[in-house]
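**Student:** Here it is: the structure, laid out below.
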There are 2 protein chains.
Amino acid sequence: MLGTIDKAARVLDLFSLEKPEWGVSEVAAALGWAKSSAHAILCSLAAAGFLHRTPQGRYRLGWRVLVLNRVLNETTPLKKVATPVLENLVRHYGETVHLAVLERGRVVYVEKLQGTRAVRVEVTFPGASLWPHASALGKVLLSGLPDEEVVDLAAYQGLPALTPNTITQVDELLSELRGVRRRGYAYDIEEYMPELCCVAAPVRNHVGTVVAAVSFSVPVYRFRESKEAYKNIILEAAKRISENLGYDPKALGFLKLA
Amino acid sequence: MLGTIDKAARVLDLFSLEKPEWGVSEVAAALGWAKSSAHAILCSLAAAGFLHRTPQGRYRLGWRVLVLNRVLNETTPLKKVATPVLENLVRHYGETVHLAVLERGRVVYVEKLQGTRAVRVEVTFPGASLWPHASALGKVLLSGLPDEEVVDLAAYQGLPALTPNTITQVDELLSELRGVRRRGYAYDIEEYMPELCCVAAPVRNHVGTVVAAVSFSVPVYRFRESKEAYKNIILEAAKRISENLGYDPKALGFLKLA
DNA sequence: TGGGGTGTTCTGCATAGGCGAACGTCTGGC
DNA sequence: GCCAGACGTTCGCCTATGCAGAACACCCCA
């Protein structure tokens with residue numbers, strides 16, 4: 001809404017793993033602004049601690065995001081509620097477990113717990129993001145959105161094929177999401193990466209909105225044998241987390257009628 | 001510089017461990033603004049993903065912070081360079097090791113590595129902050145600042161006594177910092193917390209500026225016996241990290257004369 | 001069923017901030 | 001070693017932006 005904040009956000013978006021350091025002119029060119037405008041935004045973000053000015057007058061992300069992240073991590077109800085449940089899953093079944101949310105069209109890992117088996121799925125750092133259309137987590141999270149928004153998202157960021165199994169057509173994605181809504185869970189059978197399979201289930205808050213998703217990530221050979229079992233376990237875990245967030249299917253089923 | 005960004009930063013500052021959720025009126029009251037102004041900032045921050053709107057129309061930190069933090073963590077040269085050195089320290093000596101920076105007057109932990117000994121110092125989450133005047137890390141970081149800034153900081157946030165050993169007078173702090181600059185390291189002998197001691201040394205970048213500090217945290221009974229040894233080890237580690245950041249004492253000693 | 005507390009919307013006025021041009025500085029290549 | 005080009009920074013004008021206050025809509029509790 002406020003132009004300046006939107007601009008600041010667009011600037012911060014530029015700082016990525018691929019290009020973590022930017023100069024004033026580069027930012028101005030990348031965003032099509034006057035150099036002095038870019039300079040003002042960069043200066044202000046640096047003064048506020050969100051960016052760090054190198055001695056050469058270039059810019060990197062600043063330490064303040066670390067401070068914010070700490071507050072986020074230690075106060076967010078979702079993490080507090082979910083972590084013990086997820087730890088239990090790893091302890092019992094030894095498979096890699098993920099918790100993720102949808103952030104501006106991308107699946108963002110909030111919590112990752114490395115499996116304990118000899119052959120296991122390696123996890124990425126929290127904050128890393130995935131394509132929503134090609135992952136079980138993503139499909140579950142998209143299933144919480146109205147179809148129009150899914151269409152917009154697909155149009156905006158595309159549906160690239162990551163493996164031969166990836167869904168690349170919008171209508172196919174929409175019908176898959178209808179299935180996910182009906183069943184209450186999603187599979188990813190080597191759609192993101194060969195040899196990798198996932199099952200994910202939605203986490204809902206007290207008003208029934210899908211706020212996150214939990215998943216098992218399992219090597220394909222082990223997954224084929226016990227798909228059903230993994231599905232039931234992850235559904236149960238998602239239900240437990242949702243209930244701890246105040247989700248009450250009965251009360252909300254009643255609301256749906258009204 | 002830009003008022004709107006400064007305001008946004010002040011709003012984000014409100015979100016803390018003690019009060020991680022704010023409403024529009026609360027923000028307006030806390031900052032002395034009109035309700036509509038607070039509303040505009042909160043809306044914009046939420047639209048940009050920095051805040052998350054709860055179903056009740058209140059606000060919490062948003063997931064985008066997590067995404068930024070990940071980029072920071074994976075691209076910051078300091079962490080990349082320091083982590084292997086610090087891991088070595090823990091492996092060899094088993095004591096808790098910290099890496100910290102100064103962020104708007106507070107000591108912020110960037111990296112923490114838990115010691116492996118039976119009796120060890122428990123670490124806090126990265127992003128947590130400490131009083132600079134009462135910690136070894138803080139004194140090292142302050143030693144990189146001109147005296148005026150230290151005086152301003154002390155005036156602004158005070159020098160509370162955390163233990164009987166804490167420095168609580170500005171002139172005493174300044175003379176301590178002079179010693180730190182001369183010696184090149186700082187001790188904390190139960191100044192922050194009873195039973196806890198630290199040694200810290202400065203990490204410098206290629207232009208010689210103190211950009212961070214590394215420390216050992218050791219129980220007092222073990223520290224008394226081998227203060228000197230810990231000091232030498234941490235000095236060596238700091239030197240190694242600094243050199244990997246491009247610090248070259250000889251080249252800079254030459255510059256000082258000019 | 002009302003009242004006080006929310007979050008949200010509207011409109012006009014003043015100022016904050018965007019632009020483009022000029023400045024100072026550094027680097028690298030002839 | 002010098003000049004040329006690029007960079008980050010500064011300045012001042014003009015316009016658009018975003019601030020304030022009051023009115024609105026909503027929810028929860030008494």
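The way I read the labels, and the way they are meant: chains A, B, ... in the order of the structure tokens, residue 1 as the first residue of every chain, and ligand 1 as the first ligand shown, with later ones counted on from there.
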Within 9 Å of chain A, which residues of chain B show up? Give each one with its shortest atom-to-atom distance in Å (one decimal) and the two atoms involved, counting only C-alpha atoms, rows by chain then rising residue number, as a tab-separated table.

**Tutor:**
```
residue	atom	partner	partner_atom	distance
B:Met1	CA	A:Ser44	CA	5.0
B:Leu2	CA	A:Ser44	CA	5.8
B:Gly3	CA	A:Ser44	CA	8.5
B:Thr4	CA	A:Thr4	CA	6.4
B:Ile5	CA	A:Ser44	CA	6.5
B:Asp6	CA	A:Ala48	CA	6.5
B:Ala8	CA	A:Ile5	CA	7.6
B:Ala9	CA	A:Ala48	CA	6.2
B:Arg10	CA	A:Ala48	CA	8.7
B:Leu12	CA	A:Leu68	CA	8.0
B:Asp13	CA	A:Leu68	CA	8.3
B:Phe15	CA	A:Val71	CA	7.4
B:Ser16	CA	A:Val71	CA	5.8
B:Leu17	CA	A:Val71	CA	5.7
B:Glu18	CA	A:Thr75	CA	8.8
B:Lys19	CA	A:Thr75	CA	8.8
B:Pro20	CA	A:Thr75	CA	6.4
B:Ala40	CA	A:Leu2	CA	6.9
B:Ile41	CA	A:Leu2	CA	7.1
B:Cys43	CA	A:Met1	CA	7.0
B:Ser44	CA	A:Met1	CA	5.0
B:Leu45	CA	A:Ile5	CA	7.0
B:Ala47	CA	A:Met1	CA	7.4
B:Ala48	CA	A:Ala9	CA	6.2
B:Gly49	CA	A:Glu103	CA	7.4
B:Phe50	CA	A:Ala9	CA	8.7
B:Pro55	CA	A:Val207	CA	7.8
B:Arg60	CA	A:Thr76	CA	8.1
B:Leu61	CA	A:Leu72	CA	5.9
B:Gly62	CA	A:Leu72	CA	7.6
B:Trp63	CA	A:Glu103	CA	6.6
B:Arg64	CA	A:Glu103	CA	6.9
B:Val65	CA	A:Asn69	CA	5.8
B:Leu66	CA	A:Gly127	CA	5.0
B:Val67	CA	A:Gly127	CA	4.3
B:Leu68	CA	A:Val65	CA	6.8
B:Asn69	CA	A:Val65	CA	5.8
B:Arg70	CA	A:Gly127	CA	5.2
B:Val71	CA	A:Leu17	CA	5.7
B:Leu72	CA	A:Leu61	CA	5.9
B:Asn73	CA	A:Leu66	CA	8.4
B:Glu74	CA	A:Leu17	CA	7.1
B:Thr75	CA	A:Leu17	CA	6.3
B:Thr76	CA	A:Arg60	CA	8.1
B:Val101	CA	A:Trp63	CA	8.0
B:Leu102	CA	A:Trp63	CA	8.7
B:Glu103	CA	A:Trp63	CA	6.6
B:Arg104	CA	A:Gly49	CA	7.5
B:Val108	CA	A:Val67	CA	7.5
B:Tyr109	CA	A:Leu66	CA	8.8
B:Val110	CA	A:Leu66	CA	7.7
B:Phe125	CA	A:Arg70	CA	7.1
B:Pro126	CA	A:Arg70	CA	6.8
B:Gly127	CA	A:Val67	CA	4.3
B:Ala128	CA	A:Val67	CA	6.6
B:Ser129	CA	A:Val67	CA	8.0
B:Val207	CA	A:Pro55	CA	7.8
```

**Student:** Can you list, as an NGL selection string, every protein, DNA or RNA residue that comes within 12 Å of Gln114 of chain B when you count only C-alpha atoms (C1' of nucleotides), leaving out same-chain residues fewer than 2 positions away?

**Tutor:** :B and (86-87 or 89-91 or 93-99 or 111-112 or 116-126 or 216-218)

**Student:** What would the file look like if the residues just selected were written as a JSON list (two decimals), in the first residue's frame with N, CA, C and O atoms?

**Tutor:**
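Output file result.json is given in full below:
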```json
[["chain", "number", "residue", "atom", "x", "y", "z"],
["B", 86, "LEU", "N", 35.71, -21.96, 14.00],
["B", 86, "LEU", "CA", 35.05, -22.14, 15.30],
["B", 86, "LEU", "C", 34.78, -23.61, 15.59],
["B", 86, "LEU", "O", 34.93, -24.07, 16.72],
["B", 87, "GLU", "N", 34.40, -24.35, 14.55],
["B", 87, "GLU", "CA", 34.15, -25.78, 14.74],
["B", 87, "GLU", "C", 35.42, -26.48, 15.19],
["B", 87, "GLU", "O", 35.37, -27.37, 16.05],
["B", 89, "LEU", "N", 37.74, -25.15, 17.00],
["B", 89, "LEU", "CA", 37.95, -24.80, 18.41],
["B", 89, "LEU", "C", 37.15, -25.74, 19.31],
["B", 89, "LEU", "O", 37.68, -26.28, 20.29],
["B", 90, "VAL", "N", 35.87, -25.92, 18.97],
["B", 90, "VAL", "CA", 35.04, -26.78, 19.81],
["B", 90, "VAL", "C", 35.59, -28.20, 19.80],
["B", 90, "VAL", "O", 35.67, -28.86, 20.84],
["B", 91, "ARG", "N", 35.98, -28.66, 18.61],
["B", 91, "ARG", "CA", 36.49, -30.04, 18.49],
["B", 91, "ARG", "C", 37.72, -30.23, 19.38],
["B", 91, "ARG", "O", 37.85, -31.22, 20.07],
["B", 93, "TYR", "N", 38.87, -28.17, 21.99],
["B", 93, "TYR", "CA", 38.88, -27.75, 23.39],
["B", 93, "TYR", "C", 37.56, -28.00, 24.11],
["B", 93, "TYR", "O", 37.49, -27.89, 25.32],
["B", 94, "GLY", "N", 36.48, -28.28, 23.34],
["B", 94, "GLY", "CA", 35.22, -28.67, 23.97],
["B", 94, "GLY", "C", 34.50, -27.58, 24.71],
["B", 94, "GLY", "O", 33.52, -27.84, 25.40],
["B", 95, "GLU", "N", 34.95, -26.33, 24.57],
["B", 95, "GLU", "CA", 34.26, -25.23, 25.25],
["B", 95, "GLU", "C", 33.29, -24.55, 24.28],
["B", 95, "GLU", "O", 33.49, -24.57, 23.06],
["B", 96, "THR", "N", 32.28, -23.91, 24.84],
["B", 96, "THR", "CA", 31.30, -23.18, 24.04],
["B", 96, "THR", "C", 31.95, -21.97, 23.37],
["B", 96, "THR", "O", 32.68, -21.22, 24.02],
["B", 97, "VAL", "N", 31.67, -21.80, 22.09],
["B", 97, "VAL", "CA", 32.29, -20.74, 21.30],
["B", 97, "VAL", "C", 31.19, -19.85, 20.70],
["B", 97, "VAL", "O", 30.15, -20.35, 20.29],
["B", 98, "HIS", "N", 31.44, -18.53, 20.70],
["B", 98, "HIS", "CA", 30.46, -17.61, 20.12],
["B", 98, "HIS", "C", 31.11, -16.69, 19.10],
["B", 98, "HIS", "O", 32.27, -16.34, 19.23],
["B", 99, "LEU", "N", 30.29, -16.29, 18.12],
["B", 99, "LEU", "CA", 30.67, -15.26, 17.17],
["B", 99, "LEU", "C", 29.57, -14.21, 17.23],
["B", 99, "LEU", "O", 28.39, -14.55, 17.17],
["B", 111, "GLU", "N", 26.78, -16.73, 15.51],
["B", 111, "GLU", "CA", 27.02, -18.17, 15.47],
["B", 111, "GLU", "C", 27.31, -18.61, 16.89],
["B", 111, "GLU", "O", 27.98, -17.91, 17.66],
["B", 112, "LYS", "N", 26.80, -19.76, 17.24],
["B", 112, "LYS", "CA", 27.04, -20.29, 18.58],
["B", 112, "LYS", "C", 27.30, -21.77, 18.43],
["B", 112, "LYS", "O", 26.60, -22.46, 17.69],
["B", 116, "THR", "N", 31.36, -29.37, 24.26],
["B", 116, "THR", "CA", 31.09, -30.80, 24.36],
["B", 116, "THR", "C", 31.41, -31.36, 25.74],
["B", 116, "THR", "O", 31.22, -32.54, 26.00],
["B", 117, "ARG", "N", 31.94, -30.51, 26.65],
["B", 117, "ARG", "CA", 32.29, -31.01, 27.97],
["B", 117, "ARG", "C", 31.03, -31.24, 28.80],
["B", 117, "ARG", "O", 29.98, -30.68, 28.52],
["B", 118, "ALA", "N", 31.20, -32.02, 29.85],
["B", 118, "ALA", "CA", 30.06, -32.34, 30.70],
["B", 118, "ALA", "C", 29.53, -31.06, 31.36],
["B", 118, "ALA", "O", 28.34, -30.78, 31.34],
["B", 119, "VAL", "N", 30.46, -30.29, 31.93],
["B", 119, "VAL", "CA", 30.06, -28.99, 32.50],
["B", 119, "VAL", "C", 30.41, -27.92, 31.47],
["B", 119, "VAL", "O", 31.58, -27.68, 31.19],
["B", 120, "ARG", "N", 29.41, -27.33, 30.88],
["B", 120, "ARG", "CA", 29.67, -26.39, 29.80],
["B", 120, "ARG", "C", 28.68, -25.24, 29.90],
["B", 120, "ARG", "O", 27.71, -25.29, 30.66],
["B", 121, "VAL", "N", 28.94, -24.23, 29.10],
["B", 121, "VAL", "CA", 28.07, -23.07, 29.11],
["B", 121, "VAL", "C", 26.99, -23.26, 28.06],
["B", 121, "VAL", "O", 27.28, -23.54, 26.90],
["B", 122, "GLU", "N", 25.75, -23.11, 28.47],
["B", 122, "GLU", "CA", 24.63, -23.26, 27.54],
["B", 122, "GLU", "C", 24.58, -22.05, 26.61],
["B", 122, "GLU", "O", 24.80, -20.91, 27.02],
["B", 123, "VAL", "N", 24.25, -22.32, 25.36],
["B", 123, "VAL", "CA", 24.23, -21.23, 24.39],
["B", 123, "VAL", "C", 22.82, -20.76, 24.13],
["B", 123, "VAL", "O", 21.86, -21.46, 24.40],
["B", 124, "THR", "N", 22.73, -19.57, 23.58],
["B", 124, "THR", "CA", 21.43, -19.05, 23.20],
["B", 124, "THR", "C", 21.30, -19.09, 21.69],
["B", 124, "THR", "O", 22.27, -19.29, 20.97],
["B", 125, "PHE", "N", 20.11, -18.87, 21.20],
["B", 125, "PHE", "CA", 19.78, -18.90, 19.79],
["B", 125, "PHE", "C", 20.48, -17.75, 19.06],
["B", 125, "PHE", "O", 20.55, -16.65, 19.59],
["B", 126, "PRO", "N", 21.01, -17.96, 17.84],
["B", 126, "PRO", "CA", 21.58, -16.83, 17.10],
["B", 126, "PRO", "C", 20.51, -15.75, 16.91],
["B", 126, "PRO", "O", 19.35, -16.06, 16.66],
["B", 216, "PHE", "N", 35.38, -17.58, 23.85],
["B", 216, "PHE", "CA", 35.17, -18.79, 24.62],
["B", 216, "PHE", "C", 34.30, -18.44, 25.82],
["B", 216, "PHE", "O", 34.54, -17.41, 26.46],
["B", 217, "SER", "N", 33.35, -19.29, 26.14],
["B", 217, "SER", "CA", 32.58, -19.15, 27.37],
["B", 217, "SER", "C", 32.90, -20.36, 28.25],
["B", 217, "SER", "O", 32.68, -21.49, 27.83],
["B", 218, "VAL", "N", 33.39, -20.09, 29.45],
["B", 218, "VAL", "CA", 33.95, -21.17, 30.27],
["B", 218, "VAL", "C", 33.47, -20.99, 31.72],
["B", 218, "VAL", "O", 33.42, -19.87, 32.22]]
```

**Student:** Do a neighbour search on Val180 of chain B at 12 Å with only C-alpha atoms (C1' of nucleotides), toss out local chain neighbours closer than 3 positions, and write the hits as a ChimeraX atom specification.

**Tutor:** /B:136-145,173-177,183-188,199-202

**Student:** Using only C-alpha atoms (C1' of nucleotides), find the residues of chain C whose closest atom to chain A is at most 12 Å away, then write them as a list in words.

**Tutor:**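 Using only C-alpha atoms (C1' of nucleotides), chain C residues at most 12 Å from chain A: DA16, DG17, DG18, DC19, DG20, DA21, DT25, DC26 and DT27 of chain C.
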
**Student:** Among the residues of segment 14-121 of chain A, find those DSSP assigns to helix (DSSP H, G or I) from the backbone and print them as an NGL selection string.

**Tutor:** :A and (14 or 24-31 or 35-47 or 64-75 or 77-93)

**Student:** Suppose we keep C-alpha atoms; can you now write the selection as a PDB file, in the first residue's frame?

**Tutor:**
```pdb
ATOM      1  CA  LEU A  14      16.936  -8.544  -4.953  1.00  0.00           C
ATOM      2  CA  VAL A  24      23.269   1.654  -6.020  1.00  0.00           C
ATOM      3  CA  SER A  25      23.447   1.733  -9.810  1.00  0.00           C
ATOM      4  CA  GLU A  26      22.720  -1.968 -10.100  1.00  0.00           C
ATOM      5  CA  VAL A  27      19.599  -1.628  -7.980  1.00  0.00           C
ATOM      6  CA  ALA A  28      18.470   1.421  -9.944  1.00  0.00           C
ATOM      7  CA  ALA A  29      18.985  -0.426 -13.235  1.00  0.00           C
ATOM      8  CA  ALA A  30      17.339  -3.625 -12.021  1.00  0.00           C
ATOM      9  CA  LEU A  31      14.209  -1.825 -10.840  1.00  0.00           C
ATOM     10  CA  LYS A  35      19.929   6.389  -9.106  1.00  0.00           C
ATOM     11  CA  SER A  36      19.091   8.888  -6.388  1.00  0.00           C
ATOM     12  CA  SER A  37      15.861   7.059  -5.567  1.00  0.00           C
ATOM     13  CA  ALA A  38      17.634   3.754  -5.217  1.00  0.00           C
ATOM     14  CA  HIS A  39      20.247   5.474  -3.106  1.00  0.00           C
ATOM     15  CA  ALA A  40      17.659   6.877  -0.727  1.00  0.00           C
ATOM     16  CA  ILE A  41      16.018   3.507  -0.196  1.00  0.00           C
ATOM     17  CA  LEU A  42      19.343   1.706   0.276  1.00  0.00           C
ATOM     18  CA  CYS A  43      20.583   4.340   2.717  1.00  0.00           C
ATOM     19  CA  SER A  44      17.432   4.142   4.767  1.00  0.00           C
ATOM     20  CA  LEU A  45      17.417   0.363   4.862  1.00  0.00           C
ATOM     21  CA  ALA A  46      21.044   0.444   5.932  1.00  0.00           C
ATOM     22  CA  ALA A  47      20.371   3.039   8.627  1.00  0.00           C
ATOM     23  CA  ARG A  64      18.912  -7.031  11.949  1.00  0.00           C
ATOM     24  CA  VAL A  65      17.169  -9.736   9.954  1.00  0.00           C
ATOM     25  CA  LEU A  66      18.886 -12.208  12.264  1.00  0.00           C
ATOM     26  CA  VAL A  67      17.345 -10.486  15.252  1.00  0.00           C
ATOM     27  CA  LEU A  68      13.898 -10.467  13.676  1.00  0.00           C
ATOM     28  CA  ASN A  69      14.269 -14.086  12.697  1.00  0.00           C
ATOM     29  CA  ARG A  70      15.036 -15.034  16.243  1.00  0.00           C
ATOM     30  CA  VAL A  71      11.867 -13.381  17.504  1.00  0.00           C
ATOM     31  CA  LEU A  72       9.882 -15.063  14.750  1.00  0.00           C
ATOM     32  CA  ASN A  73      11.347 -18.454  15.565  1.00  0.00           C
ATOM     33  CA  GLU A  74      10.835 -18.244  19.274  1.00  0.00           C
ATOM     34  CA  THR A  75       7.344 -16.761  19.288  1.00  0.00           C
ATOM     35  CA  PRO A  77       2.742 -20.487  17.673  1.00  0.00           C
ATOM     36  CA  LEU A  78       2.955 -22.813  14.689  1.00  0.00           C
ATOM     37  CA  LYS A  79       6.542 -23.790  15.403  1.00  0.00           C
ATOM     38  CA  LYS A  80       5.978 -24.132  19.102  1.00  0.00           C
ATOM     39  CA  VAL A  81       3.031 -26.451  18.553  1.00  0.00           C
ATOM     40  CA  ALA A  82       4.420 -28.423  15.637  1.00  0.00           C
ATOM     41  CA  THR A  83       8.001 -29.102  16.673  1.00  0.00           C
ATOM     42  CA  PRO A  84       7.303 -31.678  19.425  1.00  0.00           C
ATOM     43  CA  VAL A  85       4.923 -33.573  17.161  1.00  0.00           C
ATOM     44  CA  LEU A  86       7.453 -33.619  14.333  1.00  0.00           C
ATOM     45  CA  GLU A  87      10.240 -34.722  16.641  1.00  0.00           C
ATOM     46  CA  ASN A  88       8.096 -37.639  17.659  1.00  0.00           C
ATOM     47  CA  LEU A  89       7.651 -38.621  14.025  1.00  0.00           C
ATOM     48  CA  VAL A  90      11.368 -38.682  13.395  1.00  0.00           C
ATOM     49  CA  ARG A  91      11.989 -40.597  16.586  1.00  0.00           C
ATOM     50  CA  HIS A  92       9.450 -43.285  15.673  1.00  0.00           C
ATOM     51  CA  TYR A  93       9.903 -43.620  11.940  1.00  0.00           C
TER      52      TYR A  93
END
```

**Student:** Specify as a PyMOL selection string all residues of chain D found within 10 Å of chain B, counting only C-alpha atoms (C1' of nucleotides).

**Tutor:** chain D and resi 18-21+27

**Student:** With a distance cut-off of 12 Å and only C-alpha atoms (C1' of nucleotides), select the neighbouring residues of Asp171 of chain A, excluding the residue or stretch itself and same-chain residues fewer than 4 positions from it, and output the selection as a list in words.

**Tutor:**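 In the requested form, the answer reads His133, Asp147, Glu148, Val150, Val151, Ala154, Ala155, Leu159, Ile167, Ser175, Glu176, Leu177 and Arg178 of chain A.
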
**Student:** Could you write out the selected residues, including all heavy atoms, as a compact mmCIF listing (two decimals), in the first residue's frame?

**Tutor:**
```txt
# COMPACT_ATOMS: atom_id res chain seq x y z
N HIS A 133 3.88 -26.33 -7.28
CA HIS A 133 3.13 -27.27 -8.12
C HIS A 133 3.76 -28.65 -8.19
O HIS A 133 3.15 -29.60 -8.65
CB HIS A 133 2.99 -26.72 -9.54
CG HIS A 133 4.29 -26.70 -10.28
ND1 HIS A 133 5.31 -25.80 -9.99
CD2 HIS A 133 4.75 -27.48 -11.28
CE1 HIS A 133 6.31 -26.04 -10.80
NE2 HIS A 133 6.02 -27.05 -11.59
N ASP A 147 -9.42 -21.49 -6.60
CA ASP A 147 -8.87 -21.82 -7.91
C ASP A 147 -8.30 -20.60 -8.65
O ASP A 147 -7.25 -20.69 -9.28
CB ASP A 147 -9.95 -22.48 -8.80
CG ASP A 147 -10.07 -23.97 -8.49
OD1 ASP A 147 -9.39 -24.43 -7.56
OD2 ASP A 147 -10.84 -24.66 -9.18
N GLU A 148 -8.99 -19.46 -8.57
CA GLU A 148 -8.52 -18.28 -9.31
C GLU A 148 -7.09 -17.91 -8.90
O GLU A 148 -6.25 -17.59 -9.75
CB GLU A 148 -9.40 -17.05 -9.05
CG GLU A 148 -10.88 -17.26 -9.16
CD GLU A 148 -11.46 -17.69 -7.82
OE1 GLU A 148 -11.53 -16.86 -6.91
OE2 GLU A 148 -11.82 -18.89 -7.72
N VAL A 150 -4.82 -19.85 -7.70
CA VAL A 150 -3.89 -20.85 -8.22
C VAL A 150 -3.59 -20.56 -9.68
O VAL A 150 -2.44 -20.61 -10.11
CB VAL A 150 -4.49 -22.28 -8.06
CG1 VAL A 150 -3.57 -23.30 -8.70
CG2 VAL A 150 -4.71 -22.60 -6.60
N VAL A 151 -4.63 -20.20 -10.42
CA VAL A 151 -4.45 -19.88 -11.84
C VAL A 151 -3.52 -18.68 -11.99
O VAL A 151 -2.58 -18.69 -12.79
CB VAL A 151 -5.81 -19.60 -12.52
CG1 VAL A 151 -5.61 -19.07 -13.93
CG2 VAL A 151 -6.66 -20.87 -12.53
N ALA A 154 0.04 -19.70 -11.20
CA ALA A 154 0.61 -20.50 -12.27
C ALA A 154 1.00 -19.61 -13.44
O ALA A 154 2.06 -19.77 -14.04
CB ALA A 154 -0.39 -21.57 -12.71
N ALA A 155 0.12 -18.64 -13.75
CA ALA A 155 0.41 -17.73 -14.86
C ALA A 155 1.63 -16.89 -14.52
O ALA A 155 2.47 -16.62 -15.37
CB ALA A 155 -0.79 -16.84 -15.13
N LEU A 159 4.80 -23.25 -14.59
CA LEU A 159 4.77 -24.61 -14.03
C LEU A 159 5.87 -25.43 -14.68
O LEU A 159 5.60 -26.37 -15.43
CB LEU A 159 3.40 -25.26 -14.29
CG LEU A 159 2.15 -24.52 -13.79
CD1 LEU A 159 0.89 -25.22 -14.26
CD2 LEU A 159 2.16 -24.43 -12.27
N ILE A 167 3.57 -31.98 -12.81
CA ILE A 167 2.36 -31.42 -13.43
C ILE A 167 2.73 -30.10 -14.08
O ILE A 167 3.27 -29.21 -13.42
CB ILE A 167 1.27 -31.18 -12.36
CG1 ILE A 167 0.86 -32.50 -11.73
CG2 ILE A 167 0.09 -30.44 -12.97
CD1 ILE A 167 -0.14 -32.34 -10.59
N SER A 175 -7.28 -30.01 -11.15
CA SER A 175 -8.02 -31.25 -10.85
C SER A 175 -7.27 -32.03 -9.75
O SER A 175 -7.89 -32.64 -8.89
CB SER A 175 -8.24 -32.08 -12.11
OG SER A 175 -7.14 -32.91 -12.35
N GLU A 176 -5.94 -31.97 -9.79
CA GLU A 176 -5.16 -32.60 -8.72
C GLU A 176 -5.51 -31.96 -7.37
O GLU A 176 -5.69 -32.65 -6.37
CB GLU A 176 -3.66 -32.46 -9.00
CG GLU A 176 -2.73 -32.79 -7.84
CD GLU A 176 -2.52 -34.28 -7.62
OE1 GLU A 176 -3.10 -35.08 -8.40
OE2 GLU A 176 -1.79 -34.64 -6.68
N LEU A 177 -5.64 -30.64 -7.36
CA LEU A 177 -5.93 -29.93 -6.10
C LEU A 177 -7.33 -30.30 -5.60
O LEU A 177 -7.55 -30.40 -4.39
CB LEU A 177 -5.82 -28.42 -6.29
CG LEU A 177 -4.41 -27.91 -6.58
CD1 LEU A 177 -4.41 -26.39 -6.67
CD2 LEU A 177 -3.42 -28.36 -5.51
N ARG A 178 -8.28 -30.48 -6.54
CA ARG A 178 -9.61 -30.92 -6.11
C ARG A 178 -9.50 -32.27 -5.39
O ARG A 178 -10.12 -32.48 -4.34
CB ARG A 178 -10.54 -31.03 -7.33
CG ARG A 178 -11.25 -29.71 -7.66
CD ARG A 178 -12.37 -29.92 -8.69
NE ARG A 178 -11.86 -30.36 -10.00
CZ ARG A 178 -11.39 -29.53 -10.93
NH1 ARG A 178 -11.37 -28.23 -10.71
NH2 ARG A 178 -10.94 -30.00 -12.08
```

**Student:** If you run DSSP on this backbone, which residues of segment 36-250 of chain B come out as strand (DSSP E), and could you give them as a ChimeraX atom specification?

**Tutor:** /B:51-53,59-61,96-103,106-113,129-130,186-189,196-204,210-219

**Student:** So how far away is atom CA of Gln169 of chain A from atom CA of Ala213 of chain A, in Å?

**Tutor:**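 Going from atom CA of Ala213 of chain A over to atom CA of Gln169 of chain A, I get 23.0 Å.
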
**Student:** So the first atom is atom C1' of DA23 of chain D and the second is atom C1' of DG12 of chain C; what is the distance between them in Å, to one decimal place?

**Tutor:**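 Taking atom C1' of DA23 of chain D as the start and atom C1' of DG12 of chain C as the end point, the length is 14.7 Å.
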
**Student:** For atom CA of Cys198 of chain A and atom CA of Pro164 of chain A, determine how far apart the two atoms are, in Å to one decimal place.

**Tutor:** 16.2 Å

**Student:** For Gly208 of chain A, work out the shell of residues within 9 Å, counting only C-alpha atoms (C1' of nucleotides) and skipping chain neighbours fewer than 5 positions away, then give it as an NGL selection string.

**Tutor:** :A and (203 or 242 or 247-249 or 252)

**Student:** Write the selection just made, keeping N, CA, C and O atoms, as a CSV table (one decimal), in the first residue's frame?

**Tutor:**
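And here's result-v1.csv as it stands now:
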```csv
chain,number,residue,atom,x,y,z
A,203,VAL,N,-2.2,-28.4,7.8
A,203,VAL,CA,-2.3,-27.9,9.1
A,203,VAL,C,-3.3,-26.8,9.1
A,203,VAL,O,-3.1,-25.8,8.3
A,242,SER,N,-3.0,-29.3,14.1
A,242,SER,CA,-4.2,-28.5,13.9
A,242,SER,C,-5.0,-28.3,15.1
A,242,SER,O,-5.4,-27.2,15.5
A,247,TYR,N,-8.0,-25.9,16.1
A,247,TYR,CA,-8.9,-26.3,15.0
A,247,TYR,C,-9.9,-27.3,15.6
A,247,TYR,O,-9.5,-28.3,16.3
A,248,ASP,N,-11.1,-27.1,15.2
A,248,ASP,CA,-12.2,-28.0,15.7
A,248,ASP,C,-13.1,-28.3,14.6
A,248,ASP,O,-14.0,-27.6,14.3
A,249,PRO,N,-12.9,-29.5,13.9
A,249,PRO,CA,-13.7,-29.8,12.7
A,249,PRO,C,-15.2,-29.7,12.9
A,249,PRO,O,-15.9,-29.2,12.1
A,252,LEU,N,-16.6,-26.2,13.1
A,252,LEU,CA,-16.5,-25.5,11.7
A,252,LEU,C,-17.4,-26.2,10.7
A,252,LEU,O,-17.9,-25.5,9.8
```
